[in-house]
Structure formats: structure tokens, C-alpha cells
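Peer 1: Take a look at input13.txt, compact mmCIF, C-alpha atoms:
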# COMPACT_ATOMS: atom_id res chain seq x y z
CA MET A 1 -1.59 29.28 3.71
CA ASN A 2 -4.41 28.82 1.20
CA LEU A 3 -6.26 25.54 1.86
CA LEU A 4 -5.88 24.28 -1.72
CA LYS A 5 -2.13 24.93 -1.58
CA ARG A 6 -1.90 23.09 1.74
CA PHE A 7 -3.83 20.19 0.24
CA PHE A 8 -1.42 19.86 -2.67
CA ARG A 9 1.56 20.39 -0.34
CA PHE A 10 0.54 17.18 1.43
CA VAL A 11 -0.90 15.23 -1.50
CA ILE A 12 1.82 15.73 -4.12
CA PRO A 13 4.69 14.40 -1.94
CA SER A 14 2.48 11.47 -0.93
CA ILE A 15 1.68 10.60 -4.55
CA VAL A 16 5.31 10.98 -5.58
CA SER A 17 6.36 8.73 -2.70
CA MET A 18 3.87 6.10 -3.79
CA TRP A 19 4.98 6.41 -7.43
CA ILE A 20 8.59 5.87 -6.44
CA PHE A 21 7.61 2.85 -4.35
CA SER A 22 5.63 1.45 -7.27
CA LEU A 23 8.34 2.15 -9.81
CA TYR A 24 11.05 0.44 -7.86
CA THR A 25 8.88 -2.64 -7.36
CA ILE A 26 8.24 -2.66 -11.11
CA VAL A 27 11.97 -2.33 -11.79
CA ASP A 28 12.48 -5.19 -9.35
CA GLY A 29 10.19 -7.34 -11.51
CA ILE A 30 11.90 -6.26 -14.72
CA PHE A 31 15.31 -7.27 -13.35
CA VAL A 32 13.96 -10.63 -12.20
CA ALA A 33 12.24 -11.27 -15.55
CA HIS A 34 15.30 -10.46 -17.64
CA GLY A 35 17.97 -11.62 -15.20
CA VAL A 36 16.42 -14.91 -14.09
CA GLY A 37 13.35 -15.81 -16.18
CA ASP A 38 9.58 -16.21 -16.36
CA HIS A 39 9.36 -18.79 -13.57
CA ALA A 40 11.25 -16.47 -11.23
CA LEU A 41 8.89 -13.60 -12.10
CA ALA A 42 5.92 -15.84 -11.34
CA ALA A 43 7.56 -16.84 -8.02
CA VAL A 44 7.83 -13.20 -6.97
CA ASN A 45 4.11 -12.81 -7.61
CA LEU A 46 3.35 -15.95 -5.60
CA SER A 47 5.35 -14.41 -2.73
CA MET A 48 3.46 -11.11 -2.78
CA PRO A 49 0.74 -12.17 -0.31
CA PHE A 50 3.43 -12.54 2.34
CA THR A 51 4.89 -9.12 1.54
CA SER A 52 1.35 -7.75 1.85
CA LEU A 53 1.04 -9.39 5.26
CA VAL A 54 4.20 -7.60 6.44
CA PHE A 55 2.92 -4.25 5.19
CA THR A 56 -0.48 -4.99 6.74
CA MET A 57 1.09 -5.05 10.17
CA GLY A 58 2.80 -1.74 9.52
CA ILE A 59 -0.31 -0.11 8.06
CA LEU A 60 -2.60 -1.41 10.82
CA LEU A 61 -0.51 0.31 13.47
CA ALA A 62 0.60 3.35 11.45
CA THR A 63 -2.78 4.54 10.16
CA GLY A 64 -4.57 4.50 13.48
CA THR A 65 -1.60 5.99 15.32
CA SER A 66 -1.24 8.74 12.73
CA THR A 67 -4.89 9.64 13.17
CA VAL A 68 -4.75 9.90 16.97
CA ILE A 69 -1.44 11.80 16.77
CA ALA A 70 -2.87 14.31 14.27
CA ILE A 71 -5.98 14.79 16.41
CA SER A 72 -3.81 15.30 19.51
CA LEU A 73 -1.71 17.88 17.64
CA GLY A 74 -4.89 19.64 16.53
CA GLN A 75 -5.92 19.74 20.20
CA LYS A 76 -2.49 21.19 21.13
CA ASP A 77 -1.69 18.12 23.29
CA LEU A 78 1.94 17.69 22.22
CA ASP A 79 3.00 15.39 25.08
CA ARG A 80 0.29 12.86 24.28
CA ALA A 81 1.17 12.91 20.57
CA ARG A 82 4.84 12.21 21.37
CA ASN A 83 3.89 9.42 23.74
CA TYR A 84 1.74 7.69 21.10
CA PHE A 85 4.52 8.11 18.53
CA ASN A 86 7.27 6.43 20.56
CA GLN A 87 5.10 3.71 22.05
CA ASN A 88 3.95 2.62 18.63
CA LEU A 89 7.49 2.23 17.30
CA LEU A 90 8.29 -0.34 20.00
CA VAL A 91 5.00 -2.20 19.54
CA THR A 92 5.59 -2.31 15.77
CA ALA A 93 9.13 -3.65 16.15
CA ILE A 94 8.10 -6.45 18.53
CA ALA A 95 5.13 -7.52 16.38
CA SER A 96 7.18 -7.68 13.17
CA LEU A 97 10.01 -9.63 14.82
CA LEU A 98 7.49 -12.24 15.96
CA LEU A 99 5.98 -12.48 12.48
CA GLY A 100 9.36 -12.87 10.79
CA GLY A 101 10.43 -15.57 13.23
CA LEU A 102 7.26 -17.61 12.75
CA VAL A 103 7.64 -17.50 8.97
CA LEU A 104 11.27 -18.62 9.02
CA LEU A 105 10.35 -21.60 11.20
CA ASN A 106 7.68 -22.71 8.70
CA LEU A 107 9.19 -21.57 5.41
CA GLU A 108 8.46 -24.53 3.11
CA ARG A 109 4.90 -24.93 4.40
CA ILE A 110 4.22 -21.28 3.71
CA ALA A 111 5.76 -21.46 0.22
CA LEU A 112 3.51 -24.39 -0.66
CA LEU A 113 0.49 -22.62 0.83
CA LEU A 114 1.23 -19.62 -1.39
CA GLY A 115 0.90 -21.87 -4.44
CA ALA A 116 4.52 -22.72 -5.21
CA THR A 117 4.94 -25.51 -7.75
CA ALA A 118 7.93 -27.74 -8.50
CA SER A 119 9.34 -25.08 -10.84
CA THR A 120 8.88 -22.16 -8.42
CA LEU A 121 9.27 -23.65 -4.91
CA THR A 122 12.95 -22.79 -4.46
CA TYR A 123 12.43 -19.25 -5.74
CA VAL A 124 9.45 -18.65 -3.42
CA LYS A 125 11.36 -19.93 -0.39
CA GLU A 126 14.32 -17.69 -1.19
CA TYR A 127 12.14 -14.60 -1.62
CA VAL A 128 9.86 -15.10 1.37
CA GLY A 129 12.68 -16.15 3.70
CA THR A 130 14.76 -13.09 2.87
CA ILE A 131 11.84 -10.67 3.22
CA ALA A 132 11.01 -12.23 6.62
CA LEU A 133 14.49 -11.31 7.89
CA PHE A 134 13.85 -7.65 7.09
CA ALA A 135 10.23 -7.50 8.34
CA PRO A 136 10.97 -5.00 11.16
CA PHE A 137 12.46 -2.53 8.68
CA PHE A 138 9.41 -2.79 6.39
CA THR A 139 6.99 -2.01 9.22
CA ILE A 140 9.05 0.61 11.06
CA SER A 141 9.93 2.42 7.84
CA TYR A 142 6.25 2.62 6.88
CA ASN A 143 5.29 3.88 10.35
CA LEU A 144 7.94 6.59 10.32
CA GLU A 145 6.96 7.63 6.80
CA VAL A 146 3.34 8.12 7.87
CA GLN A 147 4.28 9.93 11.10
CA VAL A 148 6.57 12.30 9.17
CA LYS A 149 3.44 13.52 7.39
CA ALA A 150 1.56 13.86 10.68
CA ASN A 151 4.53 15.92 11.89
CA GLY A 152 3.97 18.38 9.04
CA ALA A 153 6.92 17.38 6.85
CA PRO A 154 5.51 15.41 3.90
CA GLN A 155 8.55 16.29 1.77
CA VAL A 156 10.72 14.13 4.05
CA SER A 157 8.51 11.18 3.15
CA THR A 158 9.42 11.73 -0.49
CA ILE A 159 13.12 11.88 0.37
CA GLY A 160 12.96 8.64 2.34
CA VAL A 161 11.01 6.74 -0.28
CA THR A 162 13.25 8.08 -3.06
CA ALA A 163 16.35 6.90 -1.19
CA CYS A 164 14.69 3.51 -0.75
CA GLY A 165 13.79 3.27 -4.44
CA LEU A 166 17.20 4.32 -5.73
CA MET A 167 18.94 1.88 -3.39
CA ASN A 168 16.64 -0.95 -4.48
CA VAL A 169 17.27 -0.32 -8.19
CA LEU A 170 21.03 -0.02 -7.69
CA LEU A 171 21.25 -3.19 -5.59
CA ASP A 172 18.94 -5.06 -7.97
CA TYR A 173 21.31 -4.31 -10.81
CA ILE A 174 24.35 -5.36 -8.77
CA PHE A 175 22.86 -8.47 -7.14
CA VAL A 176 20.70 -9.81 -9.99
CA MET A 177 22.40 -8.67 -13.19
CA HIS A 178 26.04 -8.50 -12.07
CA PHE A 179 26.43 -11.05 -9.24
CA HIS A 180 23.66 -13.31 -10.65
CA TRP A 181 22.18 -13.97 -7.21
CA GLY A 182 18.73 -14.48 -8.73
CA VAL A 183 15.52 -14.16 -6.72
CA TRP A 184 17.45 -14.18 -3.44
CA GLY A 185 19.45 -11.18 -4.64
CA ALA A 186 16.27 -9.31 -5.61
CA ALA A 187 14.75 -9.92 -2.17
CA LEU A 188 18.00 -8.87 -0.46
CA ALA A 189 18.02 -5.65 -2.48
CA THR A 190 14.45 -4.93 -1.39
CA GLY A 191 15.26 -5.59 2.27
CA LEU A 192 18.37 -3.40 2.29
CA ALA A 193 16.40 -0.64 0.56
CA GLN A 194 13.96 -0.67 3.50
CA VAL A 195 16.92 -0.35 5.87
CA THR A 196 17.94 2.74 3.91
CA SER A 197 14.54 4.46 4.21
CA THR A 198 14.36 3.57 7.91
CA ALA A 199 17.74 5.28 8.43
CA VAL A 200 16.53 8.42 6.62
CA PHE A 201 13.43 8.74 8.80
CA VAL A 202 15.27 7.98 12.04
CA PHE A 203 17.82 10.68 11.17
CA TYR A 204 14.99 13.16 10.61
CA PHE A 205 13.35 12.48 13.96
CA LEU A 206 16.72 12.66 15.75
CA THR A 207 17.57 16.04 14.24
CA HIS A 208 14.13 17.72 14.06
CA LYS A 209 12.52 17.94 17.48
CA GLU A 210 9.92 20.66 17.00
CA ARG A 211 6.92 18.37 17.57
CA LEU A 212 7.30 14.60 17.36
CA ARG A 213 10.63 13.25 18.56
CA LEU A 214 12.27 9.96 19.49
CA GLY A 215 12.47 9.39 23.23
CA LYS A 216 11.01 7.73 26.28
CA PHE A 217 7.29 7.16 26.75
CA GLN A 218 4.76 6.13 29.35
CA PRO A 219 2.97 2.90 28.33
CA GLU A 220 -0.66 3.57 27.45
CA LEU A 221 -1.71 0.36 25.75
CA ARG A 222 -5.40 1.08 26.18
CA VAL A 223 -5.09 3.61 23.35
CA TYR A 224 -4.95 0.61 20.98
CA ARG A 225 -8.68 0.18 21.57
CA ARG A 226 -8.89 3.38 19.58
CA ILE A 227 -5.92 2.89 17.21
CA LEU A 228 -6.73 -0.62 15.97
CA PRO A 229 -10.32 0.10 14.82
CA LEU A 230 -9.00 3.12 12.93
CA GLY A 231 -6.15 1.18 11.36
CA VAL A 232 -8.12 -1.95 10.59
CA SER A 233 -9.68 -0.40 7.48
CA ASP A 234 -6.40 0.36 5.69
CA GLY A 235 -4.63 -2.62 7.26
CA LEU A 236 -7.19 -5.14 6.11
CA GLY A 237 -7.20 -3.38 2.76
CA GLU A 238 -3.52 -4.26 2.34
CA LEU A 239 -3.99 -7.76 3.77
CA SER A 240 -6.92 -8.29 1.45
CA ASN A 241 -4.74 -7.20 -1.45
CA GLY A 242 -2.41 -10.08 -0.61
CA LEU A 243 -5.32 -12.48 -0.21
CA VAL A 244 -6.75 -11.40 -3.56
CA ILE A 245 -3.39 -12.03 -5.26
CA PHE A 246 -3.46 -15.46 -3.62
CA LEU A 247 -7.00 -16.12 -4.89
CA PHE A 248 -6.20 -14.84 -8.37
CA ASN A 249 -3.17 -17.12 -8.53
CA ARG A 250 -5.28 -20.12 -7.52
CA VAL A 251 -8.09 -19.36 -9.98
CA ILE A 252 -5.65 -18.61 -12.81
CA LEU A 253 -3.80 -21.88 -12.22
CA GLY A 254 -7.12 -23.72 -12.42
CA VAL A 255 -8.62 -21.91 -15.42
CA LEU A 256 -5.70 -20.73 -17.56
CA GLY A 257 -2.63 -22.63 -16.35
CA GLU A 258 0.77 -21.73 -14.90
CA ASP A 259 1.93 -19.53 -17.79
CA ALA A 260 -0.91 -17.07 -17.13
CA ILE A 261 0.61 -16.35 -13.70
CA VAL A 262 3.26 -14.38 -15.60
CA THR A 263 0.50 -12.31 -17.23
CA TYR A 264 -1.11 -11.67 -13.86
CA THR A 265 2.26 -10.68 -12.40
CA ILE A 266 2.56 -7.91 -15.01
CA ILE A 267 -1.00 -6.79 -14.27
CA SER A 268 -0.24 -6.78 -10.55
CA TYR A 269 2.68 -4.41 -11.05
CA VAL A 270 0.55 -2.01 -13.08
CA ASN A 271 -2.32 -2.28 -10.60
CA THR A 272 0.09 -1.45 -7.78
CA MET A 273 1.22 1.69 -9.60
CA VAL A 274 -2.38 2.87 -10.08
CA LEU A 275 -3.50 1.90 -6.59
CA MET A 276 -0.50 3.64 -4.97
CA THR A 277 -1.41 6.81 -6.89
CA MET A 278 -4.85 6.75 -5.29
CA ILE A 279 -3.47 5.80 -1.87
CA GLY A 280 -1.02 8.69 -2.13
CA THR A 281 -3.95 11.06 -2.54
CA ALA A 282 -5.71 9.44 0.42
CA GLN A 283 -2.60 9.64 2.61
CA GLY A 284 -2.19 13.32 1.80
CA LEU A 285 -5.82 13.99 2.68
CA GLN A 286 -5.97 11.97 5.89
CA PRO A 287 -3.62 13.87 8.29
CA LEU A 288 -4.99 17.22 7.14
CA ALA A 289 -8.59 16.14 7.67
CA SER A 290 -7.76 14.62 11.07
CA PHE A 291 -5.98 17.80 12.17
CA HIS A 292 -8.92 20.02 11.26
CA LYS A 293 -11.33 17.58 12.88
CA GLY A 294 -9.29 17.84 16.09
CA ALA A 295 -9.47 21.62 15.78
CA GLY A 296 -13.27 21.45 15.37
CA GLU A 297 -13.19 22.75 11.76
CA ILE A 298 -15.43 20.18 10.11
CA HIS A 299 -16.29 22.44 7.17
CA VAL A 300 -12.59 22.46 6.24
CA CYS A 301 -12.57 18.65 6.27
CA HIS A 302 -15.45 18.61 3.81
CA GLN A 303 -13.68 21.05 1.48
CA LEU A 304 -10.58 18.84 1.57
CA LEU A 305 -12.73 15.88 0.56
CA ARG A 306 -14.05 17.82 -2.44
CA TYR A 307 -10.49 18.61 -3.51
CA ALA A 308 -9.50 14.95 -3.16
CA LEU A 309 -12.44 13.64 -5.17
CA GLY A 310 -11.78 16.16 -7.96
CA LEU A 311 -8.14 15.12 -8.13
CA ILE A 312 -9.11 11.43 -8.14
CA ALA A 313 -11.42 12.00 -11.12
CA VAL A 314 -8.52 13.42 -13.15
CA LEU A 315 -6.05 10.74 -12.06
CA SER A 316 -8.51 7.93 -12.77
CA LEU A 317 -9.07 9.06 -16.34
CA PHE A 318 -5.32 9.47 -16.87
CA CYS A 319 -4.52 5.98 -15.55
CA PHE A 320 -7.27 4.28 -17.55
CA LEU A 321 -6.38 5.90 -20.86
CA GLY A 322 -2.65 5.57 -20.26
CA VAL A 323 -2.81 1.82 -19.71
CA GLU A 324 -5.28 1.22 -22.56
CA MET A 325 -3.05 3.03 -25.05
CA GLY A 326 0.28 1.87 -23.62
CA ALA A 327 -0.52 -1.79 -22.88
CA ALA A 328 1.84 -3.18 -25.55
CA GLY A 329 4.75 -1.09 -24.29
CA ILE A 330 4.11 -2.05 -20.66
CA VAL A 331 4.05 -5.77 -21.43
CA GLY A 332 7.21 -5.34 -23.52
CA LEU A 333 9.07 -4.13 -20.42
CA PHE A 334 8.75 -7.60 -18.89
CA LEU A 335 8.63 -10.04 -21.81
CA GLU A 336 11.23 -10.45 -24.53
CA ALA A 337 10.12 -9.87 -28.12
CA GLY A 338 8.59 -13.01 -29.57
CA ASN A 339 7.40 -14.38 -26.23
CA PRO A 340 4.12 -16.25 -26.94
CA LEU A 341 2.53 -14.69 -23.84
CA ILE A 342 2.68 -11.15 -25.24
CA PRO A 343 -0.68 -11.03 -27.15
CA SER A 344 -2.70 -12.59 -24.33
CA SER A 345 -0.99 -10.36 -21.75
CA ILE A 346 -1.83 -7.19 -23.70
CA HIS A 347 -5.46 -8.30 -24.03
CA ALA A 348 -5.71 -9.14 -20.32
CA LEU A 349 -4.14 -5.84 -19.22
CA ARG A 350 -6.57 -3.82 -21.31
CA LEU A 351 -9.55 -5.65 -19.84
CA TYR A 352 -8.27 -5.22 -16.29
CA ALA A 353 -7.57 -1.50 -16.81
CA VAL A 354 -11.28 -0.61 -16.84
CA ALA A 355 -11.20 -0.90 -13.04
CA PHE A 356 -8.67 1.94 -12.85
CA SER A 357 -11.41 4.43 -13.69
CA ILE A 358 -13.29 3.55 -10.48
CA LEU A 359 -11.07 2.32 -7.66
CA GLY A 360 -9.64 5.70 -6.55
CA PHE A 361 -13.02 6.99 -5.36
CA ASN A 362 -13.41 4.04 -3.00
CA VAL A 363 -9.88 4.46 -1.62
CA VAL A 364 -10.30 8.17 -0.88
CA LEU A 365 -13.73 7.85 0.71
CA ALA A 366 -12.49 5.07 3.00
CA ALA A 367 -9.53 7.25 4.05
CA PHE A 368 -11.79 10.25 4.69
CA PHE A 369 -14.10 8.25 6.94
CA THR A 370 -11.06 6.98 8.85
CA ALA A 371 -9.87 10.56 9.36
CA MET A 372 -13.34 11.47 10.65
CA GLU A 373 -13.17 8.52 13.09
CA ARG A 374 -15.96 6.68 11.28
CA PRO A 375 -14.46 3.17 11.10
CA SER A 376 -17.96 1.71 10.75
CA TYR A 377 -18.06 3.37 7.31
CA ALA A 378 -14.40 2.98 6.33
CA PHE A 379 -14.13 -0.71 7.16
CA PRO A 380 -16.94 -2.02 4.91
CA ILE A 381 -15.60 0.02 1.99
CA SER A 382 -12.03 -1.20 2.41
CA ILE A 383 -12.84 -4.83 3.09
CA GLY A 384 -15.53 -4.79 0.39
CA ARG A 385 -13.37 -3.48 -2.44
CA SER A 386 -10.28 -5.40 -1.46
CA LEU A 387 -11.65 -8.80 -0.48
CA VAL A 388 -15.33 -9.65 -0.08
CA LEU A 389 -16.68 -8.13 -3.28
CA MET A 390 -13.44 -8.91 -5.11
CA ALA A 391 -13.51 -12.59 -4.18
CA GLY A 392 -17.19 -12.92 -5.05
CA SER A 393 -16.70 -11.17 -8.39
CA LEU A 394 -13.61 -13.23 -9.21
CA PHE A 395 -15.24 -16.61 -8.68
CA THR A 396 -18.50 -15.59 -10.35
CA MET A 397 -16.91 -13.98 -13.41
CA ALA A 398 -14.40 -16.83 -13.85
CA ALA A 399 -17.23 -19.37 -13.75
CA LEU A 400 -19.38 -17.42 -16.21
CA PHE A 401 -16.82 -16.05 -18.67
CA GLY A 402 -13.57 -17.96 -18.12
CA GLY A 403 -10.31 -16.08 -18.70
CA ASP A 404 -11.87 -12.77 -19.73
CA GLY A 405 -14.10 -12.94 -16.67
CA ILE A 406 -11.01 -13.17 -14.46
CA TRP A 407 -9.56 -9.97 -15.89
CA LEU A 408 -12.90 -8.08 -15.68
CA SER A 409 -13.73 -9.18 -12.13
CA SER A 410 -11.91 -6.21 -10.57
CA THR A 411 -14.11 -3.77 -12.50
CA VAL A 412 -17.26 -5.52 -11.26
CA SER A 413 -15.96 -5.47 -7.68
CA GLU A 414 -14.98 -1.78 -7.73
CA GLY A 415 -18.30 -0.82 -9.31
CA LEU A 416 -20.27 -2.61 -6.59
CA CYS A 417 -18.08 -1.03 -3.92
CA LEU A 418 -18.61 2.44 -5.36
CA CYS A 419 -22.34 1.97 -4.77
CA LEU A 420 -21.54 1.12 -1.13
CA SER A 421 -19.23 4.14 -0.79
CA LEU A 422 -21.88 6.50 -2.12
CA PHE A 423 -24.45 5.02 0.28
CA PHE A 424 -22.17 5.76 3.27
CA LEU A 425 -21.40 9.24 1.93
CA LEU A 426 -25.12 10.03 1.80
CA ARG A 427 -25.55 8.74 5.36
CA TYR A 428 -22.60 10.82 6.51
CA ARG A 429 -24.00 13.98 4.92
CA ARG A 430 -27.31 13.46 6.72
CA THR A 431 -25.59 13.10 10.10
CA PRO A 432 -22.38 15.20 9.90
CA ILE A 433 -19.84 15.28 12.73
CA SER A 434 -20.06 18.46 14.72
So that I can check it, write out the structure of this file as C-alpha cells.

Peer 2:
Amino acid sequence: MNLLKRFFRFVIPSIVSMWIFSLYTIVDGIFVAHGVGDHALAAVNLSMPFTSLVFTMGILLATGTSTVIAISLGQKDLDRARNYFNQNLLVTAIASLLLGGLVLLNLERIALLLGATASTLTYVKEYVGTIALFAPFFTISYNLEVQVKANGAPQVSTIGVTACGLMNVLLDYIFVMHFHWGVWGAALATGLAQVTSTAVFVFYFLTHKERLRLGKFQPELRVYRRILPLGVSDGLGELSNGLVIFLFNRVILGVLGEDAIVTYTIISYVNTMVLMTMIGTAQGLQPLASFHKGAGEIHVCHQLLRYALGLIAVLSLFCFLGVEMGAAGIVGLFLEAGNPLIPSSIHALRLYAVAFSILGFNVVLAAFFTAMERPSYAFPISIGRSLVLMAGSLFTMAALFGGDGIWLSSTVSEGLCLCLSLFFLLRYRRTPIS
């Protein structure tokens, strides 16, 4: 098959999967906003750092495992690939059960730590507590989705994520709008949706046994010395996303007040949609590049990177212009006509959207370096764009320019990180993997 066709065969399902994930989280927010109210919408945003922590665990284990599986498949070592696949599912399940249990035992402390106020505390406890119960399904579903792509069936990822999204929207409508279960109902819908996608992926691996399959394994825990450094880039990227939401919430409360949390919640949903588009491109690139690296075809890896960067340039322009021109309509999805927060939310979203023209390049380059087993390059990019540079830019811009500085801080962070990404790309080109 033509390499460009293979690239799009992997990338398009990945992007569509990420779009569906983003859309159903946005719909989740719309139901909460209209079915419960502004304080409930703000509470969901305050809870997001915990949801990011759950996904971090899944991503940390899935990304590294996917890379070593794809390399093993490229080396024609099918038994080793299967062993890594099954071992990681058990490790993921145990780790997420421990995380969920610890959270449930300290629920109110965690809600307060996340920034819950008197008007949002109950909502935050309901949301976080319910998500904690379903933590194993979040992490296992993500792992299986990634391994489906490594197994050469990216279209199954789209099916699983679509089933998850449709179930979440349906249950949101029933639980929030019909049964009036509020924030708890929204969280329950999200958890049951993850159960649905997990079932889809498990069914696939039970019925398709050509390469990866569910079964017994021989423990080989030392492989995590290799898996964890590879996964730490994407994993910390997701964790940092949660930490950044936490920091934004704190700074916004201090500079602009509690009402502006609603504005930031809307921005977070849009940012998630854009970021997932770029991550979808990266996830489509990564298993292909790892496979060809395992096969010793480094020149093919470099061509795949060129395809990915070209696609990112187009997507970045589309996202930036789309949000700039459609800001009023986007805000209107969440806030009722006449809400006094509408003008300031439109202004804030347009300022924040400048970052959308940059961030995709950093995401794809970090993913490429992970696929090439260059965690020393991937990690600084991921942790830089998602935490270190972001936190520094946030505090500096807020201190210098107040509210507008908060909304522009992401652009400053992504711009600085792009300089770092280009530096590592130049170093890589001077010392290519052979």
C-alpha cells in the first residue's frame, strides 16, 4: 500500500476517535450547563484535574507498551508482543483500582484541594467520587484503544470511541435532563460510557486473534524500565494538562473571581477539541513510525514525519480561524442568551485561540521522538508545553497583563516550546538513528 495512504489510514481514524471523544465531553458540559446550572459547570471543570490523573495512568502505560509492541511486531517477534500486551492489561487494572480506592477514602480533602468552594463542593465530590469508581474502565479502555492501532486495526478504535460517545450522550440526556440526577448523573453517564468502549475492545481481541490476543503471559516486569520512560512523555503531558487546569482555576479565582471559572470551562472544552485533533494525528503517526523503526526503515519514519507536519499545518490554521470566527456561537452553546458572562467569554476565547495555530507541531514532534525511542527529546517537549513553560507563562502574563494575560499565556508557552522542539529536531537530524 502507498505510504501516504497508509498514513491516512491510521491518522484519520485516530483523529475521528479523538473528535468523538472531544464532542461527547463537550455535550456532557452542555447538558450540565443547561440541566443544572453555571455552578455545576464550574464544578465539572474543577474536577477535571482528577480525570486527567486517571487518564495519565492509562496513557503512561499504554504509550510505552504500544511502542515496544509495535517494535516487536516489526521485528517479527509475535510471542513477545502478545506477552507485553496481556501483562500490561493486568498491571493497568491493579494500578487504577488502587488509585480509585485512595480517592474514595479521601474524597472531601481532594475536592477542597481541587478548589471547590461552598457553592461547588457537593458537585465536585459527586463528580470525582463517581469517576473514581470507574477508573479501571477509563485506563483499560484507553490501553485497548491504543493497542488496537498497534494491532493494525485503527478503524476498530473509531468504532469503540463512537460507541462510547453515543452512550455518553444518550445517558447524559436520560440521567441529567430526564431523571434530573445532576452532576452525579453526568459522571455516571461518563463512567458507563467507558464500560461500553471497554466491552467493544475486549470483544475485538476475543474474536480477532491474528496477532495480539487476550490470554496468559509470562511476567516480565523488567520491561517497564523501557516502557515507563517511553510513556512518561505523553503521560506527564496529560497529567500536566490537569495540573494546568488546576493552576488556571487558582489564578482565575484570584484575579477575575469565581464567575470567570465558567468562561475558562468553555475554553477548556474547546481546547480539548483542538488538542485531541493534534493528538489524533500523533497517535496515527506513532505506531507506524515505531513499526518501520523496528524494521530498520528509518527513511520511511522521516517521510511519515513530513506527512504529519504538513497535516498539522493545515489543521492548525483551520482550528485557529474556526474558533476566531465562531467564538460567539461556541459560547452560546453553553450560556443562555442574556447571560452577562457572554461578552467576556467570547473575548477570552478569541485571545486563547491564538495558541491553536502552534500547539500541534509540539504534540507531533514529541510523539515522533517517542516512536524513535528518544525520550530525552520527547520528555522536555511534553513537560515544557504542558506544565513548566505553561505555568511560568501563566503566572508572568497574569501579573503583567491581568485577565487578558491569563488568556494569552498559552500562546506564549506554546511559542517558547516550539523553539525547544525545533532545537531537538535539528539535533536529531544531525545524529539520525540508523

Peer 1: Skip Phe85 of chain A itself and residues of its chain fewer than 2 positions away, then list as a ChimeraX atom specification all residues within 10 Å of it, counting all atoms listed in the file.

Peer 2: /A:62,65-66,68-69,79-83,87-90,143-144,147,212-215,217

Peer 1: Work out how far atom CA of Asn86 of chain A is from atom CA of Leu228 of chain A, in Å to one decimal.

Peer 2: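 We find that atom CA of Leu228 of chain A and atom CA of Asn86 of chain A lie 16.3 Å from each other.
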
Peer 1: Give me, as a list in words, all polymer residues having an atom no more than 10 Å from segment 295-304 of chain A, counting all atoms listed in the file and skipping those fewer than 5 positions away in the same chain.

Peer 2: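 Neighbouring residues, sequence-local ones excluded: Leu3, Leu4, Arg6, Phe7, Ala70, Ile71, Ser72, Leu73, Gly74, Gln75, Lys76, Leu285, Gln286, Leu288, Ala289, Ser290, Leu309, Gly310, Phe368, Ala371, Met372, Arg429, Pro432, Ile433 and Ser434 of chain A.
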
Peer 1: Record the distance separating atom CA of Val323 of chain A and atom CA of Gly165 of chain A, expressed in Å with one decimal.

Peer 2: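 Atom CA of Gly165 of chain A lies at a distance of 22.6 Å from atom CA of Val323 of chain A.
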
Peer 1: Considering all atoms listed in the file, can you say which of A:Val161, A:Ala378, A:Val232, A:Ala355 comes closest to Ser14 of chain A?

Peer 2: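 Of all the options, A:Val161 lies closest to Ser14 of chain A.
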
Peer 1: With all atoms listed in the file as the basis for distance, which of A:Arg427, A:Arg350, A:Lys293, A:His178 is at the shortest distance from Tyr377 of chain A?

Peer 2: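 Ranking A:Arg427, A:Arg350, A:Lys293, A:His178 by distance to Tyr377 of chain A, first place goes to A:Arg427.
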
Peer 1: With distances taken over all atoms listed in the file, which residue among A:Phe134, A:Phe318, A:Tyr84, A:Tyr127 lies nearest Leu99 of chain A?

Peer 2: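 Nearest candidate to Leu99 of chain A out of A:Phe134, A:Phe318, A:Tyr84, A:Tyr127: A:Phe134.
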
Peer 1: Would you please work out which residue, of A:Val27, A:Gly101, A:Thr117, A:Thr265, is nearest to Leu166 of chain A when using all atoms listed in the file?

Peer 2: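 Looking only at the distances to Leu166 of chain A, the closest residue turns out to be A:Val27.
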
Peer 1: Provide the atom CA of Gly129 of chain A to atom CA of Leu104 of chain A distance in Å, to one decimal place.

Peer 2: 6.0 Å

Peer 1: List every protein, DNA or RNA residue that has at least one atom no more than 12 Å from (-8.0, 13.7, -12.9) in the file's coordinates, counting only C-alpha atoms, and write the result as a list of chain:residue names.

Peer 2: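 Checked against the point, the hits come out as A:Thr277, A:Met278, A:Thr281, A:Tyr307, A:Ala308, A:Leu309, A:Gly310, A:Leu311, A:Ile312, A:Ala313, A:Val314, A:Leu315, A:Ser316, A:Leu317, A:Phe318, A:Cys319, A:Phe320, A:Leu321, A:Phe356, A:Ser357, A:Ile358, A:Gly360, A:Phe361.
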
Peer 1: Got a sec to check which residues sit within 12 Å of (-3.2, -15.6, -18.9), counting all atoms listed in the file, and write them as a PyMOL selection string?

Peer 2: chain A and resi 42+248-249+251-267+340-349+351-352+402-407

Peer 1: For Leu387 of chain A, which residue out of A:Phe401, A:Phe246, A:Phe21, A:Phe31 is the nearest one, using all atoms listed in the file?

Peer 2: A:Phe246

Peer 1: Which is closest to Thr190 of chain A among A:Arg222, A:Thr67, A:Tyr24, A:Phe205, if we use all atoms listed in the file?

Peer 2: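 Using all atoms listed in the file, Thr190 of chain A sits closest to A:Tyr24.
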
Peer 1: Would you pick out the contacts of Lys125 of chain A at 9 Å or less, using all atoms listed in the file, so that residues sharing its chain but fewer than 5 positions from it are not included, and give the list as a list in words?

Peer 2: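 The residues satisfying every condition are Ser47, Leu107, Glu108, Ile110, Ala111, Ala116, Thr120, Thr130 and Trp184 of chain A.
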